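Printed here is work-v2.cif (mmCIF, C-alpha atoms):
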data_run
#
loop_
_atom_site.group_PDB
_atom_site.id
_atom_site.type_symbol
_atom_site.label_atom_id
_atom_site.label_comp_id
_atom_site.auth_asym_id
_atom_site.auth_seq_id
_atom_site.Cartn_x
_atom_site.Cartn_y
_atom_site.Cartn_z
ATOM 1 C CA MET A 282 44.027 -67.590 -38.314
ATOM 2 C CA SER A 283 47.635 -66.590 -38.910
ATOM 3 C CA LYS A 284 49.711 -64.823 -36.316
ATOM 4 C CA PRO A 285 49.975 -61.012 -36.717
ATOM 5 C CA SER A 286 53.391 -59.815 -37.886
ATOM 6 C CA TYR A 287 54.092 -57.856 -34.679
ATOM 7 C CA LEU A 288 53.455 -61.015 -32.647
ATOM 8 C CA ALA A 289 55.733 -63.125 -34.846
ATOM 9 C CA THR A 290 58.473 -60.496 -34.517
ATOM 10 C CA LEU A 291 58.033 -60.298 -30.743
ATOM 11 C CA ASP A 292 58.171 -64.100 -30.520
ATOM 12 C CA GLN A 293 61.377 -64.272 -32.555
ATOM 13 C CA ILE A 294 63.061 -61.579 -30.454
ATOM 14 C CA LEU A 295 62.066 -63.287 -27.209
ATOM 15 C CA ILE A 296 63.108 -66.731 -28.439
ATOM 16 C CA TRP A 297 66.542 -65.672 -29.604
ATOM 17 C CA ALA A 298 67.235 -63.426 -26.611
ATOM 18 C CA SER A 299 66.182 -66.208 -24.259
ATOM 19 C CA LEU A 300 68.204 -68.842 -26.084
ATOM 20 C CA LEU A 301 71.357 -66.784 -26.476
ATOM 21 C CA ILE A 302 71.459 -64.784 -23.262
ATOM 22 C CA GLY A 303 69.691 -67.324 -21.071
ATOM 23 C CA GLY A 304 71.724 -70.179 -22.484
ATOM 24 C CA ALA A 305 74.968 -68.280 -22.021
ATOM 25 C CA MET A 306 74.089 -67.478 -18.412
ATOM 26 C CA LEU A 307 73.126 -71.074 -17.652
ATOM 27 C CA ALA A 308 76.319 -72.375 -19.255
ATOM 28 C CA PHE A 309 78.418 -69.821 -17.369
ATOM 29 C CA MET A 310 76.751 -70.606 -14.054
ATOM 30 C CA THR A 311 77.163 -74.343 -14.567
ATOM 31 C CA LEU A 312 80.808 -74.246 -15.662
ATOM 32 C CA PHE A 313 81.950 -71.489 -13.332
ATOM 33 C CA GLY A 314 80.103 -72.943 -10.354
ATOM 34 C CA THR A 315 81.569 -76.381 -10.983
ATOM 35 C CA VAL A 316 85.110 -75.069 -11.433
ATOM 36 C CA ASN A 317 84.870 -72.815 -8.387
ATOM 37 C CA VAL A 318 83.342 -75.336 -5.994
ATOM 38 C CA LEU A 319 84.885 -78.625 -7.093
ATOM 39 C CA VAL A 320 88.273 -77.606 -8.447
ATOM 40 C CA MET A 321 89.217 -74.375 -6.725
ATOM 41 C CA ARG A 322 87.521 -74.823 -3.350
ATOM 42 C CA LYS A 323 87.654 -78.588 -2.742
ATOM 43 C CA LEU A 324 90.742 -79.631 -4.678
ATOM 44 C CA LEU A 325 93.029 -76.594 -4.405
ATOM 45 C CA ASN A 326 91.508 -74.978 -1.285
ATOM 46 C CA ALA A 327 91.588 -71.583 -3.045
ATOM 47 C CA PRO A 328 88.073 -70.459 -4.080
ATOM 48 C CA ILE A 329 87.733 -67.741 -6.666
ATOM 49 C CA ARG A 330 87.298 -64.343 -5.014
ATOM 50 C CA GLY A 331 83.965 -62.797 -5.965
ATOM 51 C CA ALA A 332 82.491 -65.997 -7.397
ATOM 52 C CA GLU A 333 79.258 -65.513 -5.465
ATOM 53 C CA ASP A 334 78.936 -61.991 -6.869
ATOM 54 C CA LEU A 335 79.265 -63.284 -10.420
ATOM 55 C CA MET A 336 76.777 -66.091 -9.801
ATOM 56 C CA ILE A 337 74.205 -63.712 -8.301
ATOM 57 C CA LEU A 338 74.542 -61.232 -11.174
ATOM 58 C CA SER A 339 74.247 -64.073 -13.704
ATOM 59 C CA LEU A 340 71.057 -65.181 -11.985
ATOM 60 C CA VAL A 341 69.688 -61.620 -12.162
ATOM 61 C CA ILE A 342 70.332 -61.594 -15.919
ATOM 62 C CA LEU A 343 68.693 -65.002 -16.321
ATOM 63 C CA VAL A 344 65.583 -63.961 -14.377
ATOM 64 C CA ALA A 345 65.347 -60.648 -16.243
ATOM 65 C CA ILE A 346 65.316 -62.448 -19.595
ATOM 66 C CA ALA A 347 62.791 -64.982 -18.300
ATOM 67 C CA ILE A 348 60.182 -62.358 -17.319
ATOM 68 C CA PRO A 349 58.931 -61.408 -20.820
ATOM 69 C CA PHE A 350 59.549 -64.883 -22.263
ATOM 70 C CA GLY A 351 57.565 -66.512 -19.459
ATOM 71 C CA GLY A 352 54.713 -64.090 -20.044
ATOM 72 C CA ARG A 353 54.627 -64.891 -23.751
ATOM 73 C CA VAL A 354 54.616 -68.675 -23.351
ATOM 74 C CA GLY A 355 52.078 -68.629 -20.508
ATOM 75 C CA ALA A 356 54.476 -69.749 -17.776
ATOM 76 C CA HIS A 357 53.287 -67.181 -15.244
ATOM 77 C CA ILE A 358 50.808 -68.393 -12.649
ATOM 78 C CA GLU A 359 47.134 -67.597 -13.160
ATOM 79 C CA ILE A 360 44.445 -68.532 -10.673
ATOM 80 C CA GLU A 361 41.240 -69.253 -12.535
ATOM 81 C CA ILE A 362 38.891 -70.392 -9.770
ATOM 82 C CA LEU A 363 36.276 -67.751 -10.528
ATOM 83 C CA GLU A 364 36.450 -67.959 -14.312
ATOM 84 C CA SER A 365 34.212 -71.032 -14.485
ATOM 85 C CA ARG A 366 31.451 -69.110 -12.667
ATOM 86 C CA MET A 367 31.615 -66.091 -14.977
ATOM 87 C CA SER A 368 29.906 -65.641 -18.279
ATOM 88 C CA LYS A 369 32.260 -66.003 -21.236
ATOM 89 C CA SER A 370 32.053 -62.328 -22.195
ATOM 90 C CA PHE A 371 32.624 -61.138 -18.610
ATOM 91 C CA ALA A 372 35.608 -63.477 -18.217
ATOM 92 C CA GLN A 373 37.031 -62.217 -21.502
ATOM 93 C CA TRP A 374 36.703 -58.561 -20.521
ATOM 94 C CA SER A 375 38.047 -59.173 -17.024
ATOM 95 C CA LEU A 376 41.126 -60.777 -18.603
ATOM 96 C CA PHE A 377 41.422 -57.748 -20.875
ATOM 97 C CA VAL A 378 41.264 -55.346 -17.918
ATOM 98 C CA VAL A 379 43.790 -57.405 -15.968
ATOM 99 C CA ARG A 380 46.221 -57.370 -18.915
ATOM 100 C CA VAL A 381 45.864 -53.596 -19.349
ATOM 101 C CA VAL A 382 46.363 -52.959 -15.621
ATOM 102 C CA CYS A 383 49.305 -55.370 -15.557
ATOM 103 C CA GLY A 384 50.910 -53.587 -18.522
ATOM 104 C CA ALA A 385 50.474 -50.208 -16.833
ATOM 105 C CA LEU A 386 51.961 -51.499 -13.583
ATOM 106 C CA MET A 387 54.900 -53.027 -15.464
ATOM 107 C CA LEU A 388 55.590 -49.686 -17.161
ATOM 108 C CA LEU A 389 55.515 -48.025 -13.741
ATOM 109 C CA MET A 390 57.903 -50.681 -12.441
ATOM 110 C CA ALA A 391 60.237 -50.131 -15.414
ATOM 111 C CA TRP A 392 60.244 -46.408 -14.674
ATOM 112 C CA GLU A 393 61.067 -47.022 -11.013
ATOM 113 C CA LEU A 394 63.853 -49.420 -12.001
ATOM 114 C CA ILE A 395 65.360 -46.711 -14.211
ATOM 115 C CA ILE A 396 65.265 -44.293 -11.270
ATOM 116 C CA ALA A 397 66.830 -46.940 -9.018
ATOM 117 C CA GLY A 398 69.553 -47.475 -11.623
ATOM 118 C CA GLN A 399 70.290 -43.768 -11.727
ATOM 119 C CA ASN A 400 70.523 -43.670 -7.933
ATOM 120 C CA ALA A 401 72.589 -46.855 -7.536
ATOM 121 C CA PRO A 402 76.007 -45.168 -7.892
ATOM 122 C CA LYS A 403 74.985 -42.351 -5.537
ATOM 123 C CA PHE A 404 74.099 -44.824 -2.783
ATOM 124 C CA GLY A 405 77.010 -47.159 -3.447
ATOM 125 C CA GLU A 406 74.858 -50.121 -4.459
ATOM 126 C CA THR A 407 77.453 -52.696 -5.456
ATOM 127 C CA THR A 408 78.191 -56.370 -5.012
ATOM 128 C CA GLN A 409 79.922 -57.290 -1.766
ATOM 129 C CA GLN A 410 83.304 -58.556 -2.917
ATOM 130 C CA LEU A 411 83.998 -57.246 -6.419
ATOM 131 C CA LEU A 412 82.133 -53.936 -5.967
ATOM 132 C CA ILE A 413 80.338 -54.249 -9.324
ATOM 133 C CA SER A 414 77.688 -51.541 -9.558
ATOM 134 C CA TYR A 415 74.062 -52.663 -9.738
ATOM 135 C CA GLU A 416 73.258 -49.786 -12.117
ATOM 136 C CA PRO A 417 73.372 -51.719 -15.437
ATOM 137 C CA PHE A 418 71.390 -54.564 -13.901
ATOM 138 C CA TYR A 419 68.610 -52.167 -12.891
ATOM 139 C CA TYR A 420 68.534 -50.958 -16.494
ATOM 140 C CA LEU A 421 68.411 -54.517 -17.833
ATOM 141 C CA LEU A 422 65.526 -55.318 -15.510
ATOM 142 C CA ALA A 423 63.775 -52.110 -16.626
ATOM 143 C CA VAL A 424 64.083 -53.101 -20.297
ATOM 144 C CA CYS A 425 62.847 -56.641 -19.661
ATOM 145 C CA VAL A 426 59.920 -55.462 -17.541
ATOM 146 C CA ALA A 427 59.024 -52.924 -20.272
ATOM 147 C CA ILE A 428 59.092 -55.752 -22.825
ATOM 148 C CA TYR A 429 56.769 -57.705 -20.543
ATOM 149 C CA ALA A 430 54.471 -54.662 -20.582
ATOM 150 C CA LEU A 431 54.475 -55.001 -24.391
ATOM 151 C CA VAL A 432 53.555 -58.680 -23.986
ATOM 152 C CA CYS A 433 50.642 -57.660 -21.731
ATOM 153 C CA ALA A 434 49.550 -55.050 -24.288
ATOM 154 C CA SER A 435 49.777 -57.680 -27.020
ATOM 155 C CA ASP A 436 47.629 -60.028 -24.938
ATOM 156 C CA ALA A 437 45.060 -57.281 -24.386
ATOM 157 C CA LEU A 438 45.008 -56.489 -28.102
ATOM 158 C CA GLN A 439 44.510 -60.153 -28.951
ATOM 159 C CA LEU A 440 41.665 -60.399 -26.427
ATOM 160 C CA ALA A 441 39.990 -57.323 -27.920
ATOM 161 C CA ARG A 442 40.354 -58.645 -31.480
ATOM 162 C CA THR A 443 39.744 -62.384 -31.231
ATOM 163 C CA GLY A 444 38.582 -63.061 -27.689
ATOM 164 C CA GLU A 445 41.536 -65.287 -26.846
ATOM 165 C CA ILE A 446 45.283 -65.090 -26.342
ATOM 166 C CA GLU A 447 47.494 -66.994 -28.753
ATOM 167 C CA GLN A 448 50.530 -67.913 -26.695
ATOM 168 C CA PHE A 449 53.772 -69.200 -28.107
ATOM 169 C CA PRO A 450 53.855 -72.994 -27.702
ATOM 170 C CA LEU A 451 57.133 -74.221 -26.245
ATOM 171 C CA GLY A 452 57.078 -77.428 -28.271
ATOM 172 C CA GLU A 453 57.063 -75.612 -31.617
ATOM 173 C CA ALA A 454 60.185 -76.000 -33.754
ATOM 174 C CA LEU A 455 62.620 -73.132 -33.426
#
Could you write out this file's structure as structure tokens?
Amino acid sequence: MSKPSYLATLDQILIWASLLIGGAMLAFMTLFGTVNVLVMRKLLNAPIRGAEDLMILSLVILVAIAIPFGGRVGAHIEIEILESRMSKSFAQWSLFVVRVVCGALMLLMAWELIIAGQNAPKFGETTQQLLISYEPFYYLLAVCVAIYALVCASDALQLARTGEIEQFPLGEAL
């Protein structure tokens, strides 16, 4: 059975966003961390001011991008100790209910992240040294969590239609 068009589109968006943004963040963290620690701190005894702030914010971006991608490729942890004792139809519908509840909770989380982003400037939520506001990072997390809610909805739809979830295989050619 071929993959539905919405699923192929979602996969392509997640792949390219993960490759471009995630790759850029990993490259930045590797290069900047190496330059800051080895060259600036050890060799010149003059570490870059605010380097930790930039590394932490880069990690936030990397994790935000990884949330929906990890959900689509099946990288999130599932504990299936009871599934072997359930009937196939009950296991299928329990997975469906879990995906629907998960999607609803992720939408609620996205909403709360938007509210937190709106309140961040009011409460002075910034990084310690460079005073970069957390506001845009709350919004990025909200978008990525909302995309993960779409992944959960897609999983639920697949379970309702075919009885199984077709996840994106990591080994497939990009």
- What's the 8 Å shell around range 397-413 of chain A, counting all atoms listed in the file, without same-chain residues fewer than 4 positions away, as a ChimeraX atom specification? /A:330-331,334,393,417-420
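When all atoms listed in the file are used to compute distances to Ala427 in chain A, the closest of the residues A:Gly384, A:Gly444, A:Gly314, A:Pro450 turns out to be A:Gly384.
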Q) Care to translate the PyMOL selection byres ((chain A and resi 430) around 9) into actual residues of this file, as JSON, numbers by chain? A) {"A": [349, 380, 381, 383, 384, 385, 386, 387, 388, 391, 425, 426, 427, 428, 429, 431, 432, 433, 434, 435]}
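For the file shown, the residue list from the PyMOL selection byres ((chain A and resi 374) around 12) reads Glu364, Met367, Ser368, Lys369, Ser370, Phe371, Ala372, Gln373, Ser375, Leu376, Phe377, Val378, Val379, Arg380, Val381, Asp436, Ala437, Leu438, Gln439, Leu440, Ala441, Arg442, Thr443, Gly444 and Glu445 of chain A.
CA of Met390 in chain A is positioned 22.1 Å from CA of Gly303 in chain A.
Here the question is which of A:Val424, A:Val316, A:Leu389, A:Ala332 gets nearest to Ile346 in chain A using all atoms listed in the file, and that residue is A:Val424.
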Atoms added to range 416-427 of chain A (all heavy atoms), reported as a PDB file, in the frame of the given file:
ATOM      1  N   GLU A 416      73.901 -50.685 -11.164  1.00  0.00           N
ATOM      2  CA  GLU A 416      73.258 -49.786 -12.117  1.00  0.00           C
ATOM      3  C   GLU A 416      72.870 -50.456 -13.439  1.00  0.00           C
ATOM      4  O   GLU A 416      71.704 -50.400 -13.844  1.00  0.00           O
ATOM      5  CB  GLU A 416      74.145 -48.567 -12.379  1.00  0.00           C
ATOM      6  CG  GLU A 416      73.530 -47.577 -13.343  1.00  0.00           C
ATOM      7  CD  GLU A 416      74.438 -46.385 -13.595  1.00  0.00           C
ATOM      8  OE1 GLU A 416      75.632 -46.434 -13.233  1.00  0.00           O
ATOM      9  OE2 GLU A 416      73.943 -45.401 -14.161  1.00  0.00           O
ATOM     10  N   PRO A 417      73.784 -51.124 -14.153  1.00  0.00           N
ATOM     11  CA  PRO A 417      73.372 -51.719 -15.437  1.00  0.00           C
ATOM     12  C   PRO A 417      72.345 -52.837 -15.270  1.00  0.00           C
ATOM     13  O   PRO A 417      71.543 -53.080 -16.166  1.00  0.00           O
ATOM     14  CB  PRO A 417      74.678 -52.247 -16.026  1.00  0.00           C
ATOM     15  CG  PRO A 417      75.637 -52.327 -14.906  1.00  0.00           C
ATOM     16  CD  PRO A 417      75.212 -51.316 -13.893  1.00  0.00           C
ATOM     17  N   PHE A 418      72.341 -53.477 -14.132  1.00  0.00           N
ATOM     18  CA  PHE A 418      71.390 -54.564 -13.901  1.00  0.00           C
ATOM     19  C   PHE A 418      69.982 -54.018 -13.650  1.00  0.00           C
ATOM     20  O   PHE A 418      68.998 -54.631 -14.034  1.00  0.00           O
ATOM     21  CB  PHE A 418      71.880 -55.460 -12.765  1.00  0.00           C
ATOM     22  CG  PHE A 418      73.199 -56.093 -13.092  1.00  0.00           C
ATOM     23  CD1 PHE A 418      74.388 -55.506 -12.677  1.00  0.00           C
ATOM     24  CD2 PHE A 418      73.262 -57.236 -13.866  1.00  0.00           C
ATOM     25  CE1 PHE A 418      75.606 -56.060 -13.011  1.00  0.00           C
ATOM     26  CE2 PHE A 418      74.472 -57.802 -14.211  1.00  0.00           C
ATOM     27  CZ  PHE A 418      75.646 -57.215 -13.786  1.00  0.00           C
ATOM     28  N   TYR A 419      69.909 -52.842 -13.007  1.00  0.00           N
ATOM     29  CA  TYR A 419      68.610 -52.167 -12.891  1.00  0.00           C
ATOM     30  C   TYR A 419      68.082 -51.805 -14.277  1.00  0.00           C
ATOM     31  O   TYR A 419      66.893 -51.961 -14.555  1.00  0.00           O
ATOM     32  CB  TYR A 419      68.729 -50.888 -12.052  1.00  0.00           C
ATOM     33  CG  TYR A 419      68.731 -51.107 -10.562  1.00  0.00           C
ATOM     34  CD1 TYR A 419      69.805 -50.700  -9.777  1.00  0.00           C
ATOM     35  CD2 TYR A 419      67.639 -51.684  -9.917  1.00  0.00           C
ATOM     36  CE1 TYR A 419      69.807 -50.874  -8.409  1.00  0.00           C
ATOM     37  CE2 TYR A 419      67.630 -51.854  -8.548  1.00  0.00           C
ATOM     38  CZ  TYR A 419      68.712 -51.454  -7.796  1.00  0.00           C
ATOM     39  OH  TYR A 419      68.704 -51.627  -6.439  1.00  0.00           O
ATOM     40  N   TYR A 420      68.966 -51.322 -15.147  1.00  0.00           N
ATOM     41  CA  TYR A 420      68.534 -50.958 -16.494  1.00  0.00           C
ATOM     42  C   TYR A 420      68.092 -52.184 -17.295  1.00  0.00           C
ATOM     43  O   TYR A 420      67.101 -52.127 -18.025  1.00  0.00           O
ATOM     44  CB  TYR A 420      69.645 -50.209 -17.237  1.00  0.00           C
ATOM     45  CG  TYR A 420      69.986 -48.869 -16.630  1.00  0.00           C
ATOM     46  CD1 TYR A 420      71.297 -48.425 -16.592  1.00  0.00           C
ATOM     47  CD2 TYR A 420      69.008 -48.041 -16.087  1.00  0.00           C
ATOM     48  CE1 TYR A 420      71.627 -47.197 -16.043  1.00  0.00           C
ATOM     49  CE2 TYR A 420      69.323 -46.822 -15.534  1.00  0.00           C
ATOM     50  CZ  TYR A 420      70.629 -46.403 -15.516  1.00  0.00           C
ATOM     51  OH  TYR A 420      70.946 -45.182 -14.968  1.00  0.00           O
ATOM     52  N   LEU A 421      68.816 -53.279 -17.160  1.00  0.00           N
ATOM     53  CA  LEU A 421      68.411 -54.517 -17.833  1.00  0.00           C
ATOM     54  C   LEU A 421      67.042 -54.975 -17.349  1.00  0.00           C
ATOM     55  O   LEU A 421      66.181 -55.342 -18.153  1.00  0.00           O
ATOM     56  CB  LEU A 421      69.448 -55.619 -17.607  1.00  0.00           C
ATOM     57  CG  LEU A 421      69.056 -56.995 -18.152  1.00  0.00           C
ATOM     58  CD1 LEU A 421      68.996 -56.982 -19.672  1.00  0.00           C
ATOM     59  CD2 LEU A 421      70.004 -58.062 -17.652  1.00  0.00           C
ATOM     60  N   LEU A 422      66.838 -54.945 -16.047  1.00  0.00           N
ATOM     61  CA  LEU A 422      65.526 -55.318 -15.510  1.00  0.00           C
ATOM     62  C   LEU A 422      64.438 -54.377 -16.023  1.00  0.00           C
ATOM     63  O   LEU A 422      63.330 -54.816 -16.345  1.00  0.00           O
ATOM     64  CB  LEU A 422      65.552 -55.314 -13.981  1.00  0.00           C
ATOM     65  CG  LEU A 422      66.200 -56.519 -13.329  1.00  0.00           C
ATOM     66  CD1 LEU A 422      66.460 -56.255 -11.848  1.00  0.00           C
ATOM     67  CD2 LEU A 422      65.321 -57.746 -13.494  1.00  0.00           C
ATOM     68  N   ALA A 423      64.754 -53.077 -16.119  1.00  0.00           N
ATOM     69  CA  ALA A 423      63.775 -52.110 -16.626  1.00  0.00           C
ATOM     70  C   ALA A 423      63.385 -52.435 -18.066  1.00  0.00           C
ATOM     71  O   ALA A 423      62.202 -52.407 -18.417  1.00  0.00           O
ATOM     72  CB  ALA A 423      64.336 -50.694 -16.529  1.00  0.00           C
ATOM     73  N   VAL A 424      64.364 -52.764 -18.896  1.00  0.00           N
ATOM     74  CA  VAL A 424      64.083 -53.101 -20.297  1.00  0.00           C
ATOM     75  C   VAL A 424      63.225 -54.367 -20.373  1.00  0.00           C
ATOM     76  O   VAL A 424      62.236 -54.419 -21.109  1.00  0.00           O
ATOM     77  CB  VAL A 424      65.399 -53.273 -21.097  1.00  0.00           C
ATOM     78  CG1 VAL A 424      65.148 -53.916 -22.443  1.00  0.00           C
ATOM     79  CG2 VAL A 424      66.081 -51.929 -21.261  1.00  0.00           C
ATOM     80  N   CYS A 425      63.591 -55.374 -19.609  1.00  0.00           N
ATOM     81  CA  CYS A 425      62.847 -56.641 -19.661  1.00  0.00           C
ATOM     82  C   CYS A 425      61.431 -56.497 -19.116  1.00  0.00           C
ATOM     83  O   CYS A 425      60.486 -57.091 -19.657  1.00  0.00           O
ATOM     84  CB  CYS A 425      63.609 -57.729 -18.910  1.00  0.00           C
ATOM     85  SG  CYS A 425      65.124 -58.223 -19.761  1.00  0.00           S
ATOM     86  N   VAL A 426      61.258 -55.701 -18.072  1.00  0.00           N
ATOM     87  CA  VAL A 426      59.920 -55.462 -17.541  1.00  0.00           C
ATOM     88  C   VAL A 426      59.097 -54.648 -18.546  1.00  0.00           C
ATOM     89  O   VAL A 426      57.900 -54.890 -18.716  1.00  0.00           O
ATOM     90  CB  VAL A 426      60.000 -54.777 -16.156  1.00  0.00           C
ATOM     91  CG1 VAL A 426      58.664 -54.240 -15.713  1.00  0.00           C
ATOM     92  CG2 VAL A 426      60.532 -55.762 -15.119  1.00  0.00           C
ATOM     93  N   ALA A 427      59.724 -53.691 -19.236  1.00  0.00           N
ATOM     94  CA  ALA A 427      59.024 -52.924 -20.272  1.00  0.00           C
ATOM     95  C   ALA A 427      58.615 -53.836 -21.434  1.00  0.00           C
ATOM     96  O   ALA A 427      57.519 -53.681 -21.997  1.00  0.00           O
ATOM     97  CB  ALA A 427      59.890 -51.778 -20.770  1.00  0.00           C
TER      98      ALA A 427
END
